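Coordinates from coords.csv are shown below (CSV, C-alpha atoms and all ligand atoms).
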chain,number,residue,atom,x,y,z
A,67,MET,CA,-4.6,14.1,-32.9
A,68,SER,CA,-2.6,16.9,-31.8
A,69,ALA,CA,1.1,16.9,-32.4
A,70,ALA,CA,3.2,15.8,-29.5
A,71,ALA,CA,4.3,18.8,-27.7
A,72,ALA,CA,7.8,19.7,-28.4
A,73,PRO,CA,10.0,19.3,-25.4
A,74,ALA,CA,10.3,22.7,-23.8
A,75,GLU,CA,13.6,24.2,-24.6
A,76,SER,CA,15.7,24.6,-21.6
A,77,PRO,CA,16.2,28.3,-20.9
A,78,PRO,CA,19.5,29.7,-22.0
A,79,PRO,CA,22.0,29.8,-19.2
A,80,PRO,CA,22.0,33.2,-17.5
A,81,GLU,CA,24.7,35.3,-18.9
A,82,THR,CA,27.7,35.6,-16.7
A,83,PRO,CA,28.3,39.3,-16.2
A,84,ALA,CA,31.8,40.1,-17.5
A,85,VAL,CA,33.9,40.9,-14.5
A,86,PRO,CA,36.1,43.8,-15.4
A,87,VAL,CA,39.7,42.7,-14.9
A,88,LYS,CA,41.6,45.5,-13.3
A,89,PRO,CA,45.0,46.1,-14.9
A,90,PRO,CA,48.0,46.1,-12.7
A,91,ALA,CA,48.6,49.4,-10.9
A,92,ILE,CA,52.1,49.3,-12.2
A,93,GLU,CA,53.5,47.2,-15.1
A,94,VAL,CA,57.1,47.4,-16.1
A,95,ARG,CA,58.3,45.2,-18.9
A,96,ASP,CA,61.9,44.9,-20.1
A,97,LEU,CA,62.7,48.4,-19.0
A,98,HIS,CA,66.1,49.8,-20.1
A,99,ARG,CA,67.6,53.3,-19.4
A,100,PHE,CA,71.1,54.1,-20.4
A,101,PHE,CA,73.1,57.2,-19.7
A,102,GLY,CA,75.9,57.0,-22.3
A,103,SER,CA,77.5,53.6,-21.7
A,104,LEU,CA,76.1,53.3,-18.2
A,105,LYS,CA,73.2,50.9,-17.9
A,106,ALA,CA,71.2,52.5,-15.1
A,107,VAL,CA,68.3,50.2,-15.7
A,108,ASP,CA,69.1,47.0,-17.6
A,109,GLY,CA,65.9,45.0,-18.4
A,110,ILE,CA,63.7,45.3,-15.4
A,111,SER,CA,60.3,43.6,-15.4
A,112,PHE,CA,57.7,43.5,-12.6
A,113,THR,CA,54.0,44.2,-11.9
A,114,VAL,CA,52.3,45.6,-8.9
A,115,ALA,CA,48.7,44.7,-8.2
A,116,PRO,CA,46.2,47.4,-7.2
A,117,GLY,CA,46.2,48.0,-3.4
A,118,GLN,CA,49.6,46.5,-2.8
A,119,VAL,CA,52.4,48.1,-0.8
A,120,VAL,CA,55.7,47.2,-2.5
A,121,GLY,CA,59.2,48.2,-1.2
A,122,PHE,CA,61.8,48.9,-3.8
A,123,VAL,CA,65.2,48.2,-2.5
A,124,GLY,CA,68.8,48.5,-3.8
A,125,ALA,CA,72.2,49.8,-3.0
A,126,ASN,CA,73.1,53.4,-4.0
A,127,GLY,CA,73.1,53.7,-7.7
A,128,ALA,CA,71.1,50.5,-8.3
A,129,GLY,CA,68.6,52.2,-10.5
A,130,LYS,CA,65.7,52.9,-8.2
A,131,THR,CA,65.2,56.6,-8.7
A,132,THR,CA,65.7,56.2,-12.5
A,133,THR,CA,62.9,53.5,-12.6
A,134,MET,CA,60.6,55.6,-10.4
A,135,ARG,CA,61.1,58.7,-12.5
A,136,ILE,CA,60.1,56.8,-15.6
A,137,ILE,CA,57.0,55.4,-13.9
A,138,ALA,CA,56.2,59.0,-12.8
A,139,THR,CA,56.5,60.3,-16.4
A,140,LEU,CA,59.6,62.4,-15.6
A,141,ASP,CA,62.0,60.5,-17.8
A,142,TYR,CA,61.8,58.3,-20.9
A,143,PRO,CA,63.0,54.7,-21.2
A,144,ASN,CA,65.4,53.7,-24.0
A,145,ARG,CA,63.5,50.5,-24.3
A,146,GLY,CA,60.6,48.6,-22.7
A,147,ILE,CA,57.0,49.3,-21.7
A,148,VAL,CA,55.8,51.0,-18.5
A,149,LYS,CA,52.1,51.3,-17.7
A,150,VAL,CA,50.2,52.8,-14.7
A,151,CYS,CA,46.7,51.5,-14.3
A,152,GLY,CA,46.9,50.1,-17.8
A,153,ILE,CA,48.0,53.5,-19.3
A,154,ASP,CA,51.3,53.8,-21.2
A,155,VAL,CA,53.5,56.4,-19.5
A,156,VAL,CA,55.2,57.4,-22.8
A,157,GLN,CA,52.1,57.7,-24.9
A,158,TYR,CA,49.7,59.2,-22.4
A,159,PRO,CA,51.8,61.0,-19.7
A,160,ALA,CA,49.1,63.5,-18.9
A,161,LEU,CA,46.6,60.7,-18.1
A,162,VAL,CA,49.1,58.9,-16.0
A,163,ARG,CA,49.9,62.0,-14.0
A,164,HIS,CA,46.2,62.1,-12.8
A,165,ARG,CA,46.6,58.5,-11.5
A,166,ILE,CA,49.9,58.8,-9.7
A,167,GLY,CA,51.2,60.8,-6.8
A,168,TRP,CA,54.9,61.3,-6.9
A,169,MET,CA,56.9,62.1,-3.8
A,170,PRO,CA,60.4,63.1,-4.6
A,171,ASP,CA,63.2,62.9,-2.0
A,172,SER,CA,63.1,66.7,-1.5
A,173,PHE,CA,60.6,69.5,-2.3
A,174,GLY,CA,63.0,71.6,-4.3
A,175,THR,CA,64.1,75.1,-3.7
A,176,TYR,CA,61.0,77.3,-3.3
A,177,ASP,CA,62.0,80.4,-1.3
A,178,ASN,CA,59.5,82.6,0.5
A,179,MET,CA,56.6,80.2,0.1
A,180,THR,CA,54.5,79.0,2.9
A,181,VAL,CA,53.1,75.5,3.3
A,182,VAL,CA,49.6,76.5,2.2
A,183,GLU,CA,51.0,78.4,-0.8
A,184,TYR,CA,53.1,75.4,-1.8
A,185,LEU,CA,50.2,73.0,-1.8
A,186,ASP,CA,47.9,75.5,-3.5
A,187,PHE,CA,50.5,76.0,-6.2
A,188,PHE,CA,50.4,72.2,-7.0
A,189,ALA,CA,46.6,72.1,-6.7
A,190,ARG,CA,46.4,74.9,-9.2
A,191,ALA,CA,48.9,73.1,-11.5
A,192,LEU,CA,46.7,70.0,-11.4
A,193,GLY,CA,43.8,72.1,-12.6
A,194,PHE,CA,41.7,72.4,-9.4
A,195,LYS,CA,39.7,75.7,-9.1
A,196,GLY,CA,37.9,77.7,-6.5
A,197,GLU,CA,36.4,76.1,-3.5
A,198,GLU,CA,37.4,72.6,-4.7
A,199,ARG,CA,41.0,73.6,-4.7
A,200,ALA,CA,40.8,75.2,-1.2
A,201,ALA,CA,39.1,72.0,0.0
A,202,ARG,CA,41.8,69.7,-1.5
A,203,VAL,CA,44.5,71.8,0.2
A,204,ARG,CA,42.7,71.8,3.5
A,205,ASP,CA,42.1,68.0,3.4
A,206,VAL,CA,45.8,67.3,2.6
A,207,MET,CA,47.0,69.6,5.4
A,208,ASP,CA,44.7,67.9,7.8
A,209,PHE,CA,45.8,64.4,6.8
A,210,THR,CA,49.5,65.2,7.0
A,211,ASP,CA,49.0,67.2,10.2
A,212,LEU,CA,50.3,70.4,8.6
A,213,THR,CA,47.3,72.6,9.4
A,214,PRO,CA,49.0,74.3,12.4
A,215,LEU,CA,52.0,75.0,10.1
A,216,ALA,CA,50.0,76.4,7.2
A,217,ASP,CA,51.7,79.8,7.3
A,218,ARG,CA,55.2,78.5,8.0
A,219,LEU,CA,57.8,79.1,5.3
A,220,ILE,CA,58.7,75.8,3.7
A,221,ASN,CA,62.4,76.4,3.9
A,222,LYS,CA,62.0,76.7,7.7
A,223,LEU,CA,60.4,73.2,8.1
A,224,SER,CA,62.1,70.3,9.8
A,225,LYS,CA,63.0,67.3,7.7
A,226,GLY,CA,60.0,65.4,9.1
A,227,MET,CA,57.6,68.3,8.3
A,228,GLY,CA,59.1,68.6,4.9
A,229,GLN,CA,58.6,65.0,4.1
A,230,ARG,CA,54.9,65.3,5.2
A,231,LEU,CA,54.6,68.3,2.9
A,232,CYS,CA,56.0,66.2,0.0
A,233,LEU,CA,53.6,63.5,0.8
A,234,GLY,CA,50.7,66.1,0.9
A,235,ARG,CA,51.8,67.4,-2.5
A,236,ALA,CA,51.6,63.8,-3.9
A,237,LEU,CA,48.1,63.4,-2.5
A,238,ILE,CA,46.4,66.6,-3.7
A,239,HIS,CA,44.5,64.9,-6.5
A,240,ASP,CA,43.7,61.8,-4.5
A,241,PRO,CA,45.7,59.5,-6.9
A,242,ASP,CA,45.4,55.7,-7.0
A,243,VAL,CA,49.1,55.0,-7.1
A,244,LEU,CA,51.7,56.6,-4.9
A,245,ILE,CA,55.4,56.5,-5.9
A,246,LEU,CA,57.5,57.5,-2.9
A,247,ASP,CA,61.2,57.9,-3.4
A,248,GLU,CA,63.1,57.5,-0.1
A,249,PRO,CA,60.4,59.1,2.0
A,250,ALA,CA,62.0,58.1,5.3
A,251,ALA,CA,65.6,59.3,4.4
A,252,GLY,CA,67.0,61.5,7.2
A,253,LEU,CA,64.0,61.2,9.5
A,254,ASP,CA,64.3,60.7,13.2
A,255,PRO,CA,62.6,57.6,14.7
A,256,LYS,CA,59.5,59.6,15.7
A,257,ALA,CA,59.0,61.1,12.3
A,258,ARG,CA,59.6,57.7,10.7
A,259,VAL,CA,56.8,56.2,12.8
A,260,GLU,CA,54.5,59.1,11.9
A,261,LEU,CA,55.2,58.6,8.2
A,262,LYS,CA,54.8,54.9,8.4
A,263,HIS,CA,51.4,55.4,10.0
A,264,LEU,CA,50.3,57.7,7.2
A,265,ILE,CA,51.4,55.2,4.6
A,266,ARG,CA,49.5,52.4,6.4
A,267,ILE,CA,46.3,54.5,6.3
A,268,LEU,CA,46.8,55.2,2.6
A,269,ALA,CA,47.3,51.5,2.0
A,270,ASP,CA,44.2,50.6,4.0
A,271,ASP,CA,42.3,53.1,1.9
A,272,GLY,CA,43.2,50.9,-1.1
A,273,LYS,CA,46.0,52.9,-2.6
A,274,THR,CA,48.9,51.2,-4.3
A,275,VAL,CA,52.2,52.3,-2.8
A,276,PHE,CA,55.5,51.8,-4.4
A,277,ILE,CA,58.2,53.0,-2.0
A,278,SER,CA,62.0,53.0,-2.1
A,279,SER,CA,64.1,52.9,1.0
A,280,HIS,CA,67.4,51.8,2.5
A,281,ILE,CA,65.8,51.1,5.8
A,282,LEU,CA,65.0,47.4,5.2
A,283,SER,CA,63.7,46.5,8.6
A,284,GLU,CA,61.0,49.2,8.3
A,285,LEU,CA,60.1,48.2,4.7
A,286,GLY,CA,59.7,44.6,5.8
A,287,GLU,CA,57.1,45.6,8.4
A,288,MET,CA,55.2,47.9,6.0
A,289,CYS,CA,55.2,46.2,2.7
A,290,ASP,CA,53.3,43.3,1.2
A,291,SER,CA,56.4,42.4,-0.8
A,292,LEU,CA,59.9,43.6,-1.6
A,293,LEU,CA,61.5,44.1,-4.9
A,294,PHE,CA,65.3,44.1,-4.9
A,295,ILE,CA,67.4,45.5,-7.7
A,296,ASN,CA,71.1,45.6,-8.2
A,297,ARG,CA,73.0,47.2,-11.1
A,298,GLY,CA,69.7,47.9,-12.9
A,299,ARG,CA,68.4,44.3,-12.7
A,300,VAL,CA,65.8,42.6,-10.5
A,301,ILE,CA,67.5,40.1,-8.1
A,302,HIS,CA,64.6,39.2,-5.8
A,303,HIS,CA,60.9,39.6,-5.3
A,304,GLY,CA,58.7,38.3,-2.6
A,305,SER,CA,57.6,38.9,1.0
A,306,ALA,CA,60.1,39.8,3.7
A,307,GLU,CA,59.5,36.5,5.3
A,308,SER,CA,60.2,34.5,2.2
A,309,LEU,CA,63.5,36.4,1.8
A,310,LYS,CA,64.5,35.6,5.4
A,311,GLN,CA,63.6,31.9,4.9
A,312,THR,CA,65.0,31.2,1.5
A,313,THR,CA,68.4,32.6,2.0
A,314,GLY,CA,71.0,31.7,4.6
A,315,ALA,CA,72.8,28.5,5.3
A,316,THR,CA,73.6,29.2,8.9
A,317,THR,CA,71.9,29.9,12.2
A,318,VAL,CA,73.0,32.3,14.9
A,319,VAL,CA,72.2,31.5,18.5
A,320,ASP,CA,72.6,33.8,21.5
A,321,VAL,CA,73.5,31.7,24.5
A,322,GLN,CA,73.5,32.9,28.1
A,323,THR,CA,75.4,30.9,30.7
A,324,ALA,CA,75.5,30.8,34.5
A,325,GLY,CA,79.2,29.8,34.4
A,326,ASP,CA,82.4,31.2,32.9
A,327,PRO,CA,81.4,32.6,29.5
A,328,GLU,CA,84.9,31.8,28.1
A,329,LYS,CA,84.1,28.2,28.4
A,330,ILE,CA,81.6,28.6,25.5
A,331,GLY,CA,84.5,29.8,23.3
A,332,GLU,CA,86.7,26.8,24.2
A,333,TRP,CA,83.8,24.5,23.7
A,334,ALA,CA,82.9,26.0,20.3
A,335,GLN,CA,86.5,25.4,19.1
A,336,LEU,CA,86.2,21.7,19.7
A,337,SER,CA,82.6,21.3,18.5
A,338,PRO,CA,81.7,20.3,15.0
A,339,HIS,CA,79.2,22.6,13.1
A,340,VAL,CA,79.9,25.5,15.6
A,341,THR,CA,81.9,28.8,15.3
A,342,LEU,CA,82.1,31.5,18.0
A,343,LYS,CA,80.8,34.7,16.6
A,344,GLU,CA,81.1,37.0,19.6
A,345,ALA,CA,82.0,36.5,23.2
A,346,ARG,CA,79.7,38.4,25.6
A,347,LYS,CA,79.7,39.3,29.3
A,348,ARG,CA,77.3,36.5,30.2
A,349,GLY,CA,77.6,34.2,27.3
A,350,ALA,CA,78.3,34.3,23.5
A,351,ARG,CA,76.8,34.3,20.1
A,352,ILE,CA,77.6,31.2,18.2
A,353,GLU,CA,77.0,30.3,14.6
A,354,ILE,CA,75.8,26.8,13.6
A,355,ASP,CA,76.6,25.9,10.0
A,356,SER,CA,73.1,24.6,9.3
A,357,VAL,CA,69.4,25.7,9.3
A,358,ASP,CA,68.3,22.1,9.9
A,359,PRO,CA,66.3,22.0,13.2
A,360,GLU,CA,67.8,18.6,14.0
A,361,VAL,CA,71.3,19.8,13.7
A,362,ILE,CA,70.5,23.0,15.8
A,363,ALA,CA,68.8,20.9,18.5
A,364,GLY,CA,71.8,18.5,18.5
A,365,VAL,CA,74.3,21.3,19.0
A,366,LEU,CA,72.3,22.8,21.9
A,367,ARG,CA,71.9,19.3,23.5
A,368,ARG,CA,75.6,18.7,23.3
A,369,MET,CA,76.4,22.0,24.8
A,370,VAL,CA,74.3,21.2,27.9
A,371,ASN,CA,75.7,17.6,28.0
A,372,ASP,CA,79.2,19.0,27.9
A,373,GLY,CA,78.6,20.8,31.1
A,374,ILE,CA,78.0,24.4,30.0
A,375,PRO,CA,75.4,25.8,32.4
A,376,VAL,CA,73.0,27.3,29.9
A,377,ILE,CA,70.3,29.4,31.4
A,378,GLU,CA,68.9,30.8,28.2
A,379,PHE,CA,69.3,30.6,24.4
A,380,HIS,CA,67.7,32.5,21.7
A,381,ARG,CA,67.8,31.9,17.9
A,382,GLU,CA,68.4,35.3,16.3
A,383,GLU,CA,65.9,36.3,13.6
A,384,ARG,CA,67.6,36.7,10.3
A,385,LYS,CA,67.9,40.3,9.4
A,386,LEU,CA,66.7,41.5,6.0
A,387,GLU,CA,69.9,43.4,5.5
A,388,ASP,CA,71.9,40.1,6.0
A,389,ALA,CA,69.7,38.3,3.5
A,390,PHE,CA,70.0,41.1,1.0
A,391,ILE,CA,73.8,41.2,1.3
A,392,GLU,CA,74.0,37.5,1.0
A,393,ILE,CA,72.0,37.5,-2.3
A,394,LEU,CA,74.3,40.2,-3.5
A,395,GLY,CA,77.4,38.2,-2.6
A,396,GLU,CA,76.0,35.2,-4.4
A,397,MET,CA,75.4,37.3,-7.5
A,398,GLU,CA,78.9,38.7,-7.4
A,399,LYS,CA,80.2,35.1,-7.3
A,400,GLY,CA,78.1,34.3,-10.4
A,401,ALA,CA,75.7,31.9,-8.6
A,402,PRO,CA,72.0,32.5,-9.4
A,403,SER,CA,70.1,34.0,-6.5
A,404,PRO,CA,68.0,31.4,-4.7
A,405,VAL,CA,64.9,33.5,-5.3
A,406,GLN,CA,65.8,35.1,-8.6
A,407,GLN,CA,63.1,35.0,-11.2
A,408,PRO,CA,63.0,36.5,-14.6
A,409,GLY,CA,59.7,38.3,-15.5
A,410,VAL,CA,59.0,39.3,-11.9
A,411,SER,CA,55.5,39.5,-10.7
A,412,VAL,CA,55.0,41.3,-7.4
A,413,GLY,CA,51.9,40.8,-5.4
A,414,THR,CA,49.8,39.5,-8.2
A,501,LIG,P1,70.4,56.0,-4.6
A,501,LIG,O1,69.9,55.1,-3.6
A,501,LIG,O2,71.8,56.5,-4.4
A,501,LIG,O3,69.4,57.2,-4.8
A,501,LIG,P2,69.4,54.8,-7.0
A,501,LIG,O4,69.2,53.3,-6.9
A,501,LIG,O5,68.2,55.6,-6.9
A,501,LIG,O6,70.5,55.3,-6.0
A,501,LIG,P3,69.7,56.0,-9.6
A,501,LIG,O7,69.6,57.4,-9.1
A,501,LIG,O8,68.6,55.5,-10.4
A,501,LIG,O9,70.1,55.0,-8.4
A,501,LIG,O10,71.0,55.9,-10.5
A,501,LIG,C1,71.4,54.8,-11.2
A,501,LIG,C2,72.7,55.0,-11.9
A,501,LIG,O11,72.4,56.0,-13.0
A,501,LIG,C3,73.8,55.7,-11.1
A,501,LIG,O12,75.0,55.2,-11.5
A,501,LIG,C4,73.6,57.2,-11.4
A,501,LIG,O13,74.9,57.9,-11.2
A,501,LIG,C5,73.2,57.1,-12.9
A,501,LIG,N1,72.4,58.3,-13.3
A,501,LIG,C6,71.2,58.6,-12.8
A,501,LIG,N2,70.7,59.7,-13.4
A,501,LIG,C7,71.7,60.1,-14.3
A,501,LIG,C8,71.7,61.1,-15.3
A,501,LIG,N3,70.8,62.0,-15.4
A,501,LIG,N4,72.9,61.2,-16.0
A,501,LIG,C9,73.9,60.3,-15.9
A,501,LIG,N5,73.8,59.3,-15.0
A,501,LIG,C10,72.8,59.2,-14.2

Is it possible to express this structure as structure tokens?
Ligand code: ATP
Amino acid sequence: MSAAAAPAESPPPPETPAVPVKPPAIEVRDLHRFFGSLKAVDGISFTVAPGQVVGFVGANGAGKTTTMRIIATLDYPNRGIVKVCGIDVVQYPALVRHRIGWMPDSFGTYDNMTVVEYLDFFARALGFKGEERAARVRDVMDFTDLTPLADRLINKLSKGMGQRLCLGRALIHDPDVLILDEPAAGLDPKARVELKHLIRILADDGKTVFISSHILSELGEMCDSLLFINRGRVIHHGSAESLKQTTGATTVVDVQTAGDPEKIGEWAQLSPHVTLKEARKRGARIEIDSVDPEVIAGVLRRMVNDGIPVIEFHREERKLEDAFIEILGEMEKGAPSPVQQPGVSVGT
């Protein structure tokens, strides 16, 4: 009698291929930078995921450039860890420099140098040789629309052209991460639109973009998230929309009337929840002390019932600037910011 066949062993489960986990494009942990007794950066932490566009916002002197310079290996922290694509900026600055493109807020003082010579100089410094170097310079001039200006002296460029040149310099080695310090500063509206367009193309191409600016409305449109700092500390992170929604206890409504606009002011004085913000030729801007839709609807209903011939009203969208100033105000008063989080994670 033959031995009973042993039950066939079930085949081992197929091995799950290990999915390589991409490190954050930028990781900043507990970063400190002091200049004497001045705490320029006072314990900042955040991460930026690969492919994200993150706006870095703060008042003058908040610590943006200091943070960016450390990420770009141009300065050392007193304390804390900074990594770019998983590489420590203090231990391996040369490796980091191959992964980042740094766009300073000016291109320095290089006299008697043309656009093509300037870009070639940086391509050479980055180690490109021969035809590859020439091709890199050509590509960058093409992308930034500087080819027609190749032989123009750089100190004769307009502000917008100069900013495109700075961006070109940052792109020479096709880096994964771009650090752009105030790229839109001093640009006219047309040049700002052009720059924004270039940044959008780079983001669509999968680059991580970390960009500082004072022009909040533009950053809101362009960025996946905003990172706000004040006095060397993170005070907010999140999307522009979340910022507009999480802050603010009042609603501003622009009302147009077919009657005497002064009537709205008189009505506002007698109405609960309402303050006149600004009298206008054909109406007024009023502030309602609530963001509750029921309260807002009630105020508008009452206005019509009280005989104001309203022909149009429009709830004003909250401006990022207002939201930012409000968070700052709350911080000054000592109240925690409504969106403040320690150990900030941006876009992860
Ligand atoms: P801005 O928007 O005006 O460029 P910022 O947010 O970039 O401001 P930082 O340039 O980082 O601010 O400066 C932060 C603080 O550190 C400021 O008070 C500045 O004066 C100071 N600071 C920056 N660099 C140095 C330095 N090398 N020596 C001394 N103080 C410095």

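The space between CA of Pro338 in chain A and CA of Met369 in chain A spans 11.3 Å.
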
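The shortest atom-to-atom distance to Ser224 in chain A, with only C-alpha atoms taken into account, belongs to A:Ala257 out of A:Ala257, A:Met134, A:Val123, A:Ala189.
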
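When all atoms listed in the file are used to measure the gap to Asp270 in chain A, the shortest distance among A:Ser283, A:Gln118, A:Gln335, A:Asn371 belongs to A:Gln118.
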
**Message:** Could you list, as JSON, numbers by chain, all protein and nucleic acid residues with an atom at most 6 Å from ligand LIG 501 (chain A), counting all atoms listed in the file?
**Reply:** {"A": [101, 106, 124, 125, 126, 127, 128, 129, 130, 131, 132]}

Set out as JSON lines a contact list for range 168-263 of chain A and range 288-306 of chain A with a cut-off of 12 Å, giving each residue of range 168-263 of chain A that qualifies its closest atom pair and distance in Å to one decimal, counting all atoms listed in the file, ordered by chain and rising residue number.
{"residue": "A:Arg258", "atom": "CA", "partner": "A:Met288", "partner_atom": "CA", "distance": 11.7}
{"residue": "A:Val259", "atom": "CA", "partner": "A:Met288", "partner_atom": "CA", "distance": 10.8}
{"residue": "A:Leu261", "atom": "CA", "partner": "A:Met288", "partner_atom": "CA", "distance": 10.9}
{"residue": "A:Lys262", "atom": "CA", "partner": "A:Met288", "partner_atom": "CA", "distance": 7.4}
{"residue": "A:His263", "atom": "CA", "partner": "A:Met288", "partner_atom": "CA", "distance": 9.3}

**Message:** So that I can see what lies close to Gln322 in chain A, please list as a ChimeraX atom specification the residues with an atom at most 12 Å from it, counting all atoms listed in the file and leaving out residues fewer than 5 positions away in the same chain.
**Reply:** /A:327-330,345-352,366,369-370,374-381

**Message:** If we count only C-alpha atoms and set the cut-off at 6 Å, which residues sit around range 276-282 of chain A, ignoring sequence neighbours fewer than 5 positions away in its own chain? Please answer as a PyMOL selection string.
**Reply:** chain A and resi 120-123+245-248

**Request:** Could you tell me how far CA of His164 in chain A lies from CA of Arg202 in chain A, in Å and to one decimal?
**Result:** 14.3 Å

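Compared by their closest atoms to Val156 in chain A, and using only C-alpha atoms, the residues A:Thr323, A:Ser103, A:Asn144, A:Ser356 rank with A:Asn144 nearest.
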
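Distance check against Gly286 in chain A using only C-alpha atoms: of A:Ile220, A:Val182, A:Leu386, A:Ala236, the minimum falls on A:Leu386.
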
**Fill in**
One residue among A:Pro170, A:Gly226, A:Gly117, A:Gly196 is nearest to Ala269 in chain A when using all atoms listed in the file, and that residue is A:Gly117

**Request:** May I have the residues at most 12 Å from (47.9, 58.2, 4.7) in the file's coordinates, counting all atoms listed in the file, as a PyMOL selection string?
**Result:** chain A and resi 205-211+230+233-234+236-238+240-241+244+260-275

Output of the above residues as an mmCIF file, keeping the file's coordinate frame, restricted to C-alpha atoms:
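Saved the output as part34.cif:
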data_model
loop_
_atom_site.group_PDB
_atom_site.id
_atom_site.type_symbol
_atom_site.label_atom_id
_atom_site.label_comp_id
_atom_site.auth_asym_id
_atom_site.auth_seq_id
_atom_site.Cartn_x
_atom_site.Cartn_y
_atom_site.Cartn_z
ATOM 1 C CA ASP A 205 42.100 68.000 3.400
ATOM 2 C CA VAL A 206 45.800 67.300 2.600
ATOM 3 C CA MET A 207 47.000 69.600 5.400
ATOM 4 C CA ASP A 208 44.700 67.900 7.800
ATOM 5 C CA PHE A 209 45.800 64.400 6.800
ATOM 6 C CA THR A 210 49.500 65.200 7.000
ATOM 7 C CA ASP A 211 49.000 67.200 10.200
ATOM 8 C CA ARG A 230 54.900 65.300 5.200
ATOM 9 C CA LEU A 233 53.600 63.500 0.800
ATOM 10 C CA GLY A 234 50.700 66.100 0.900
ATOM 11 C CA ALA A 236 51.600 63.800 -3.900
ATOM 12 C CA LEU A 237 48.100 63.400 -2.500
ATOM 13 C CA ILE A 238 46.400 66.600 -3.700
ATOM 14 C CA ASP A 240 43.700 61.800 -4.500
ATOM 15 C CA PRO A 241 45.700 59.500 -6.900
ATOM 16 C CA LEU A 244 51.700 56.600 -4.900
ATOM 17 C CA GLU A 260 54.500 59.100 11.900
ATOM 18 C CA LEU A 261 55.200 58.600 8.200
ATOM 19 C CA LYS A 262 54.800 54.900 8.400
ATOM 20 C CA HIS A 263 51.400 55.400 10.000
ATOM 21 C CA LEU A 264 50.300 57.700 7.200
ATOM 22 C CA ILE A 265 51.400 55.200 4.600
ATOM 23 C CA ARG A 266 49.500 52.400 6.400
ATOM 24 C CA ILE A 267 46.300 54.500 6.300
ATOM 25 C CA LEU A 268 46.800 55.200 2.600
ATOM 26 C CA ALA A 269 47.300 51.500 2.000
ATOM 27 C CA ASP A 270 44.200 50.600 4.000
ATOM 28 C CA ASP A 271 42.300 53.100 1.900
ATOM 29 C CA GLY A 272 43.200 50.900 -1.100
ATOM 30 C CA LYS A 273 46.000 52.900 -2.600
ATOM 31 C CA THR A 274 48.900 51.200 -4.300
ATOM 32 C CA VAL A 275 52.200 52.300 -2.800
#

**Atomic distance CA of Pro359 in chain A - CA of Ala324 in chain A, expressed in Å with one decimal** = 24.8 Å

**Prompt:** Pick from A:Gly325, A:Thr316, A:Phe187, A:Ala389: nearest to Asp358 in chain A, with all atoms listed in the file counted?
**Reply:** A:Thr316
